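Participant: Compact mmCIF, C-alpha atoms, file entry-v9.txt:
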# COMPACT_ATOMS: atom_id res chain seq x y z
CA MET A 217 34.67 112.00 35.51
CA ARG A 218 34.51 115.48 37.03
CA HIS A 219 37.53 115.55 39.37
CA PHE A 220 40.49 113.22 39.93
CA THR A 221 42.23 113.18 43.30
CA THR A 222 42.02 109.56 44.54
CA VAL A 223 41.74 105.99 43.26
CA ASN A 224 38.01 106.16 43.94
CA ASP A 225 37.56 108.65 41.10
CA ILE A 226 38.87 106.32 38.37
CA GLY A 227 36.28 103.55 38.75
CA PRO A 228 37.02 99.84 38.21
CA LEU A 229 40.76 99.40 37.87
CA ASP A 230 40.58 96.65 35.26
CA SER A 231 38.64 98.99 32.97
CA ALA A 232 41.05 101.86 33.66
CA VAL A 233 44.09 99.74 32.83
CA ARG A 234 42.44 98.36 29.70
CA GLU A 235 41.68 101.92 28.55
CA ALA A 236 45.25 102.96 29.35
CA LEU A 237 46.69 100.22 27.16
CA GLU A 238 44.34 101.20 24.33
CA VAL A 239 45.43 104.84 24.63
CA LYS A 240 49.07 103.78 24.71
CA ALA A 241 48.61 101.83 21.48
CA ASN A 242 47.09 104.86 19.73
CA ARG A 243 47.83 108.10 21.56
CA PHE A 244 46.32 110.41 18.96
CA ALA A 245 42.96 108.71 18.42
CA TYR A 246 41.03 111.17 20.60
CA GLN A 247 42.37 114.54 19.44
CA HIS A 248 38.85 115.68 18.66
CA LEU A 249 38.03 115.68 22.38
CA GLY A 250 40.51 118.44 23.18
CA HIS A 251 39.94 120.62 20.13
CA ASN A 252 39.55 124.26 21.28
CA LYS A 253 39.82 123.18 24.93
CA THR A 254 42.46 124.58 27.28
CA LEU A 255 44.28 122.91 30.15
CA LEU A 256 45.78 125.11 32.86
CA MET A 257 48.57 123.42 34.82
CA ILE A 258 49.35 125.21 38.10
CA PHE A 259 52.58 124.38 39.92
CA PHE A 260 53.14 125.46 43.49
CA ASN A 261 56.14 123.09 43.54
CA SER A 262 58.82 121.95 41.09
CA SER A 263 58.30 119.15 38.64
CA LEU A 264 59.92 117.27 35.79
CA ARG A 265 57.91 114.13 34.93
CA THR A 266 54.54 115.55 35.96
CA ARG A 267 54.96 118.71 33.93
CA LEU A 268 56.27 117.04 30.78
CA SER A 269 54.01 113.99 30.83
CA THR A 270 50.80 115.90 31.55
CA GLN A 271 51.53 118.54 28.92
CA LYS A 272 52.32 115.82 26.37
CA ALA A 273 49.13 113.96 27.28
CA ALA A 274 47.07 117.11 26.75
CA MET A 275 48.75 117.75 23.41
CA ASN A 276 48.01 114.16 22.36
CA LEU A 277 44.36 115.01 22.97
CA GLY A 278 44.51 118.19 20.89
CA MET A 279 44.36 120.59 23.84
CA ASN A 280 45.88 124.03 24.29
CA VAL A 281 48.08 124.14 27.40
CA ILE A 282 48.94 126.98 29.79
CA VAL A 283 51.58 126.36 32.47
CA LEU A 284 51.81 128.61 35.53
CA ASP A 285 54.64 128.42 38.07
CA VAL A 286 53.12 130.22 41.03
CA ASN A 287 56.42 130.79 42.81
CA GLN A 288 58.21 132.12 39.72
CA GLY A 289 55.69 133.61 37.31
CA ALA A 290 52.91 135.02 39.48
CA TRP A 291 52.16 136.95 42.64
CA LYS A 292 52.77 135.09 45.87
CA LEU A 293 49.42 133.69 46.92
CA GLU A 294 47.80 133.68 50.34
CA THR A 295 45.83 130.51 51.11
CA GLU A 296 44.47 131.21 54.61
CA ARG A 297 41.21 132.99 55.40
CA GLY A 298 41.11 135.88 57.85
CA VAL A 299 44.75 136.82 57.33
CA ILE A 300 45.78 140.49 57.32
CA MET A 301 47.72 140.55 54.08
CA ASP A 302 50.50 142.90 55.10
CA GLY A 303 53.35 140.54 54.21
CA ASP A 304 54.91 139.35 50.96
CA LYS A 305 51.74 137.69 49.57
CA ALA A 306 50.02 140.09 47.20
CA GLU A 307 46.98 138.07 46.12
CA HIS A 308 44.55 135.70 47.78
CA LEU A 309 43.76 132.31 46.32
CA LEU A 310 40.05 133.14 46.58
CA GLU A 311 40.43 135.82 43.88
CA ALA A 312 43.14 134.03 41.93
CA ILE A 313 41.22 130.77 41.49
CA PRO A 314 38.15 132.14 39.66
CA VAL A 315 40.37 134.39 37.55
CA MET A 316 42.54 131.45 36.49
CA ALA A 317 39.42 129.35 35.85
CA SER A 318 38.09 131.96 33.43
CA TYR A 319 40.99 131.20 31.07
CA CYS A 320 40.63 127.44 30.83
CA ASP A 321 38.39 124.37 30.73
CA ILE A 322 40.32 122.00 33.03
CA ILE A 323 42.75 122.71 35.88
CA GLY A 324 45.62 120.54 37.10
CA VAL A 325 47.11 121.48 40.49
CA ARG A 326 50.42 120.46 42.08
CA SER A 327 50.92 121.45 45.73
CA PHE A 328 53.02 119.56 48.27
CA ALA A 329 52.55 119.07 51.99
CA GLY A 330 54.18 121.70 54.19
CA LEU A 331 55.07 119.01 56.77
CA LYS A 332 54.50 121.48 59.61
CA ASP A 333 50.77 121.19 60.29
CA LYS A 334 49.38 117.67 59.79
CA ALA A 335 45.77 118.79 59.97
CA GLU A 336 46.30 121.40 57.29
CA ASP A 337 48.14 118.95 55.03
CA TYR A 338 45.62 116.16 55.40
CA GLU A 339 42.68 118.49 54.80
CA GLU A 340 44.18 119.19 51.33
CA ARG A 341 43.36 122.85 51.63
CA VAL A 342 44.91 124.02 48.36
CA ILE A 343 43.40 121.56 45.89
CA SER A 344 40.11 121.56 47.83
CA GLN A 345 39.82 125.31 47.29
CA PHE A 346 40.37 124.88 43.56
CA ILE A 347 37.60 122.28 43.43
CA LYS A 348 35.28 124.49 45.48
CA TYR A 349 35.84 127.86 43.85
CA SER A 350 36.96 127.30 40.24
CA GLY A 351 33.80 125.81 38.77
CA ARG A 352 36.08 123.70 36.55
CA PRO A 353 37.09 120.04 36.59
CA VAL A 354 40.22 119.74 38.73
CA PHE A 355 42.75 116.94 38.87
CA SER A 356 45.70 116.37 41.16
CA MET A 357 49.22 116.55 39.77
CA GLU A 358 50.31 115.69 43.33
CA ALA A 359 48.79 117.04 46.49
CA ALA A 360 49.70 117.00 50.16
CA THR A 361 48.57 113.42 50.79
CA ARG A 362 48.32 111.69 47.40
CA HIS A 363 49.92 111.49 43.95
CA PRO A 364 47.26 109.61 41.95
CA LEU A 365 48.72 110.14 38.46
CA GLN A 366 51.93 108.49 39.66
CA SER A 367 50.09 105.59 41.29
CA PHE A 368 47.97 105.02 38.20
CA ALA A 369 51.16 104.88 36.11
CA ASP A 370 52.65 102.46 38.65
CA LEU A 371 49.61 100.20 38.31
CA ILE A 372 49.80 100.26 34.50
CA THR A 373 53.49 99.33 34.69
CA ILE A 374 52.91 96.42 37.06
CA GLU A 375 50.13 95.11 34.85
CA GLU A 376 52.44 95.25 31.84
CA TYR A 377 55.32 93.45 33.55
CA LYS A 378 53.65 90.97 35.89
CA THR A 379 54.05 87.24 35.11
CA LYS A 380 51.43 85.90 37.51
CA PRO A 381 47.85 86.95 38.23
CA ARG A 382 48.56 87.93 41.84
CA PRO A 383 52.11 89.27 42.17
CA LYS A 384 53.71 90.12 45.48
CA VAL A 385 54.35 93.87 45.58
CA VAL A 386 56.54 95.26 48.35
CA MET A 387 56.79 98.97 49.11
CA THR A 388 59.92 99.58 51.14
CA TRP A 389 61.00 102.71 52.97
CA ALA A 390 64.57 103.75 52.16
CA PRO A 391 66.79 106.50 53.62
CA HIS A 392 66.90 110.09 52.37
CA PRO A 393 68.70 113.16 53.69
CA ARG A 394 65.59 115.38 53.65
CA ALA A 395 62.07 115.19 55.03
CA LEU A 396 59.71 114.09 52.26
CA PRO A 397 55.89 114.03 52.24
CA GLN A 398 53.87 110.83 52.53
CA ALA A 399 51.95 111.56 49.31
CA VAL A 400 53.58 108.96 47.03
CA PRO A 401 53.61 106.08 49.55
CA ASN A 402 50.08 106.96 50.69
CA SER A 403 48.84 106.95 47.12
CA PHE A 404 50.72 103.82 46.09
CA ALA A 405 49.30 101.97 49.09
CA GLU A 406 45.79 103.19 48.30
CA TRP A 407 46.01 101.97 44.71
CA MET A 408 47.63 98.64 45.58
CA ASN A 409 44.96 97.99 48.21
CA ALA A 410 42.36 98.47 45.47
CA THR A 411 43.86 95.52 43.57
CA ASP A 412 44.02 91.85 44.52
CA TYR A 413 47.84 91.88 44.70
CA ASP A 414 49.74 90.49 47.67
CA PHE A 415 50.78 93.88 49.05
CA VAL A 416 53.35 94.39 51.80
CA ILE A 417 54.71 97.61 53.34
CA THR A 418 58.05 97.54 55.13
CA HIS A 419 59.67 100.37 57.10
CA PRO A 420 61.46 101.06 60.37
CA GLU A 421 59.36 101.59 63.49
CA GLY A 422 58.14 105.16 63.67
CA TYR A 423 57.44 105.43 59.95
CA GLU A 424 53.88 104.04 60.04
CA LEU A 425 51.59 105.64 57.46
CA ALA A 426 48.07 106.85 58.22
CA PRO A 427 45.79 103.83 58.84
CA GLU A 428 43.39 104.83 56.06
CA PHE A 429 46.19 104.40 53.54
CA VAL A 430 47.75 101.28 55.05
CA GLY A 431 44.36 99.59 54.71
CA ASN A 432 44.63 95.84 54.38
CA ALA A 433 48.34 95.80 53.55
CA ARG A 434 50.64 93.62 55.61
CA VAL A 435 53.15 95.71 57.53
CA GLU A 436 56.55 94.10 58.15
CA TYR A 437 59.33 95.83 60.10
CA ASP A 438 61.96 93.35 58.92
CA GLN A 439 62.87 94.53 55.41
CA ARG A 440 64.62 91.31 54.41
CA LYS A 441 61.68 89.20 55.48
CA ALA A 442 59.29 91.47 53.57
CA LEU A 443 61.34 91.20 50.38
CA GLU A 444 61.37 87.40 50.31
CA GLY A 445 59.60 86.18 47.18
CA ALA A 446 58.66 89.68 45.98
CA ASP A 447 57.81 90.19 42.31
CA PHE A 448 58.00 93.98 42.46
CA VAL A 449 60.00 96.17 44.84
CA TYR A 450 58.83 99.77 45.10
CA ALA A 451 61.35 101.86 47.04
CA LYS A 452 60.39 105.25 48.49
CA ASN A 453 61.31 107.49 51.36
CA TRP A 454 58.83 109.35 53.51
CA SER A 455 58.96 111.35 56.74
CA ALA A 456 57.17 110.36 59.93
CA TYR A 457 53.37 110.64 60.01
CA ALA A 458 52.53 110.04 63.67
CA ASP A 459 52.57 112.84 66.24
CA PRO A 460 54.71 114.28 67.78
CA ASN A 461 57.16 113.52 64.97
CA TYR A 462 55.04 114.51 61.96
CA GLY A 463 57.23 115.60 59.06
CA LYS A 464 60.49 114.65 60.76
CA VAL A 465 63.39 112.47 59.64
CA LEU A 466 63.78 109.78 62.29
CA SER A 467 66.42 107.72 60.54
CA THR A 468 68.88 107.77 57.65
CA ASP A 469 69.94 104.16 58.25
CA ARG A 470 71.74 103.04 55.11
CA ALA A 471 70.96 99.43 56.04
CA TRP A 472 67.57 100.08 54.39
CA THR A 473 69.08 101.04 51.01
CA VAL A 474 67.92 98.67 48.27
CA ASP A 475 70.99 96.84 46.99
CA THR A 476 71.86 93.66 45.11
CA GLU A 477 71.82 91.60 48.29
CA LYS A 478 68.26 92.74 49.08
CA MET A 479 67.06 92.11 45.52
CA ALA A 480 68.54 88.59 45.68
CA LEU A 481 65.94 87.80 48.37
CA THR A 482 63.13 88.40 45.89
CA ASP A 483 61.71 86.24 43.13
CA ASN A 484 63.83 88.06 40.52
CA ALA A 485 61.75 91.16 41.22
CA PHE A 486 61.44 94.26 39.13
CA PHE A 487 62.68 97.45 40.81
CA MET A 488 60.41 100.53 40.79
CA HIS A 489 60.72 104.12 41.97
CA CYS A 490 58.74 107.25 41.12
CA LEU A 491 61.90 109.39 40.48
CA PRO A 492 63.81 111.54 41.13
CA VAL A 493 65.90 109.10 43.14
CA ARG A 494 68.89 109.64 45.42
CA ARG A 495 71.36 107.04 44.17
CA ASN A 496 73.18 105.05 46.83
CA MET A 497 70.73 106.36 49.44
CA ILE A 498 67.45 104.92 48.15
CA VAL A 499 68.98 102.39 45.75
CA THR A 500 72.45 101.40 44.63
CA ASP A 501 73.73 102.08 41.12
CA ASP A 502 73.82 98.41 40.18
CA VAL A 503 70.16 97.86 41.07
CA ILE A 504 68.73 100.92 39.33
CA GLU A 505 70.86 100.21 36.24
CA SER A 506 70.05 96.49 36.15
CA PRO A 507 67.84 94.86 33.49
CA ARG A 508 65.18 94.37 36.20
CA SER A 509 64.90 98.09 36.83
CA ILE A 510 61.76 99.47 35.20
CA VAL A 511 61.93 103.04 36.45
CA ILE A 512 62.12 104.46 32.91
CA PRO A 513 59.08 102.58 31.51
CA GLU A 514 57.30 103.49 34.75
CA ALA A 515 58.07 107.18 34.19
CA ALA A 516 57.01 106.92 30.54
CA ASN A 517 53.62 105.62 31.67
CA ARG A 518 53.01 108.93 33.41
CA GLU A 519 52.00 110.26 29.99
CA ILE A 520 49.46 107.45 29.67
CA SER A 521 47.92 107.83 33.12
CA ALA A 522 47.53 111.57 32.57
CA GLN A 523 46.00 111.05 29.14
CA VAL A 524 43.37 108.62 30.42
CA VAL A 525 42.39 111.05 33.18
CA LEU A 526 42.18 114.00 30.78
CA LYS A 527 40.31 111.93 28.23
CA ARG A 528 37.67 110.94 30.76
CA ILE A 529 37.26 114.51 32.00
CA LEU A 530 36.93 115.82 28.43
CA GLU A 531 34.32 113.17 27.63
CA ASP A 532 32.18 114.51 30.49
CA LEU A 533 32.53 118.23 29.75
Represent the structure of the file as structure tokens.

Facilitator:
Amino acid sequence: MRHFTTVNDIGPLDSAVREALEVKANRFAYQHLGHNKTLLMIFFNSSLRTRLSTQKAAMNLGMNVIVLDVNQGAWKLETERGVIMDGDKAEHLLEAIPVMASYCDIIGVRSFAGLKDKAEDYEERVISQFIKYSGRPVFSMEAATRHPLQSFADLITIEEYKTKPRPKVVMTWAPHPRALPQAVPNSFAEWMNATDYDFVITHPEGYELAPEFVGNARVEYDQRKALEGADFVYAKNWSAYADPNYGKVLSTDRAWTVDTEKMALTDNAFFMHCLPVRRNMIVTDDVIESPRSIVIPEAANREISAQVVLKRILEDL
């Protein structure tokens, strides 16, 4: 594998999950692959799970790791061509990328959507430039439109906890005080559509995701109806996608918060969320603290998803 930005890069999902479980059973079996190899992790945005899990995964594989916070430990970077650089950005990404690439073997990039220009966000300009100009394998640690390491970890978790071959998985919108990107729901939908699960998306009108990510999922505007018989409930907020409301908060309706009453409609479903989570906005305390909440094992699997991706890239260097 050369680059990793979408579900299409990982190949057959059954093989990927099987490899993930093997790696999880013996995390240090492939340290020879990373010997004298360096991973550069570049963060344009904050992180907790992604930073820790990816660094741990690289260390499991014997790699050296460099972490760069662009907004705290480097010059401010310009990303647009043709700009007269007379403002606060001292260096252009076109010079910075090849310089950074000269210090490493693999690059991980984290860069969120700006939620101001849909075309710019959905063209994935930042990570695309790293792929084009670095000459190194590049993988996404979350980009404007997808978060594939999270979705891979979600898939691993569902496979570990499912009790039937074809579980019903429901992704439900939930309220949040701020405008959030569509990257996690887009990516989760993309990965779930690549399985044979019974996959349902539920959200208020106006929160439709891009059709290419919705795919073959069933869309249900009645949250309670969608949750009936669910085996897994994946709660997540996102801002509006469709014009003219792109990037806007259209609702903070607390009636969409996942609570005990909602979970009682399911088939004793497991609760999932990518974290961090706004308690009593996205989900109530009693649900996220219940025995059916698997948000911590889900987060722990971020190490495993990252390690499989790094392992495959190292095998092809």

Participant: Please indicate the distance in Å from CA of Gly278 (chain A) to CA of Ser262 (chain A), rounded to one decimal place.

Facilitator: 25.0 Å

Participant: Grab the CA of Gly431 (chain A) to CA of Ala458 (chain A) distance for me, in Å with one decimal place.

Facilitator: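 Between these atoms lies a distance of 16.0 Å.
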
Participant: Give me, as a PyMOL selection string, all polymer residues having an atom no more than 8 Å from region 379-392 of chain A, counting only C-alpha atoms and skipping those fewer than 5 positions away in the same chain.

Facilitator: chain A and resi 401+412-420+439+442-443+445-454+467-470+472-474+494+497-499

Participant: Restricting it to C-alpha atoms, dump the selection as a PDB file, in the frame of the given file.

Facilitator:
ATOM      1  CA  PRO A 401      53.610 106.080  49.550  1.00  0.00           C
ATOM      2  CA  ASP A 412      44.020  91.850  44.520  1.00  0.00           C
ATOM      3  CA  TYR A 413      47.840  91.880  44.700  1.00  0.00           C
ATOM      4  CA  ASP A 414      49.740  90.490  47.670  1.00  0.00           C
ATOM      5  CA  PHE A 415      50.780  93.880  49.050  1.00  0.00           C
ATOM      6  CA  VAL A 416      53.350  94.390  51.800  1.00  0.00           C
ATOM      7  CA  ILE A 417      54.710  97.610  53.340  1.00  0.00           C
ATOM      8  CA  THR A 418      58.050  97.540  55.130  1.00  0.00           C
ATOM      9  CA  HIS A 419      59.670 100.370  57.100  1.00  0.00           C
ATOM     10  CA  PRO A 420      61.460 101.060  60.370  1.00  0.00           C
ATOM     11  CA  GLN A 439      62.870  94.530  55.410  1.00  0.00           C
ATOM     12  CA  ALA A 442      59.290  91.470  53.570  1.00  0.00           C
ATOM     13  CA  LEU A 443      61.340  91.200  50.380  1.00  0.00           C
ATOM     14  CA  GLY A 445      59.600  86.180  47.180  1.00  0.00           C
ATOM     15  CA  ALA A 446      58.660  89.680  45.980  1.00  0.00           C
ATOM     16  CA  ASP A 447      57.810  90.190  42.310  1.00  0.00           C
ATOM     17  CA  PHE A 448      58.000  93.980  42.460  1.00  0.00           C
ATOM     18  CA  VAL A 449      60.000  96.170  44.840  1.00  0.00           C
ATOM     19  CA  TYR A 450      58.830  99.770  45.100  1.00  0.00           C
ATOM     20  CA  ALA A 451      61.350 101.860  47.040  1.00  0.00           C
ATOM     21  CA  LYS A 452      60.390 105.250  48.490  1.00  0.00           C
ATOM     22  CA  ASN A 453      61.310 107.490  51.360  1.00  0.00           C
ATOM     23  CA  TRP A 454      58.830 109.350  53.510  1.00  0.00           C
ATOM     24  CA  SER A 467      66.420 107.720  60.540  1.00  0.00           C
ATOM     25  CA  THR A 468      68.880 107.770  57.650  1.00  0.00           C
ATOM     26  CA  ASP A 469      69.940 104.160  58.250  1.00  0.00           C
ATOM     27  CA  ARG A 470      71.740 103.040  55.110  1.00  0.00           C
ATOM     28  CA  TRP A 472      67.570 100.080  54.390  1.00  0.00           C
ATOM     29  CA  THR A 473      69.080 101.040  51.010  1.00  0.00           C
ATOM     30  CA  VAL A 474      67.920  98.670  48.270  1.00  0.00           C
ATOM     31  CA  ARG A 494      68.890 109.640  45.420  1.00  0.00           C
ATOM     32  CA  MET A 497      70.730 106.360  49.440  1.00  0.00           C
ATOM     33  CA  ILE A 498      67.450 104.920  48.150  1.00  0.00           C
ATOM     34  CA  VAL A 499      68.980 102.390  45.750  1.00  0.00           C
TER      35      VAL A 499
END

Participant: Find the distance between CA of Asp483 (chain A) and CA of Tyr423 (chain A) and write it in Å to one decimal.

Facilitator: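 Answer for the CA of Asp483 (chain A) to CA of Tyr423 (chain A) separation: 25.9 Å.
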
Participant: Give me the box for region 428-437 of chain A as lines of an AutoDock Vina configuration file, namely the centre and edge lengths in Å to one decimal of a box along x, y and z that holds every listed atom plus 8 Å on each side.

Facilitator:
center_x = 51.4
center_y = 99.2
center_z = 56.8
size_x = 31.9
size_y = 27.2
size_z = 22.6

Participant: Ranking A:Ser344, A:Met279, A:Gly463, A:Thr270 by minimum distance to Tyr246 (chain A) and counting all atoms listed in the file, which one comes first?

Facilitator: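 Checking each candidate against Tyr246 (chain A), we get A:Met279 as the closest.
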
Participant: Using all atoms listed in the file, which of the listed residues (A:Phe346, A:Phe220, A:Tyr457, A:Phe429) sits closest to Leu526 (chain A)?

Facilitator: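 Result for the nearest residue to Leu526 (chain A): A:Phe220.
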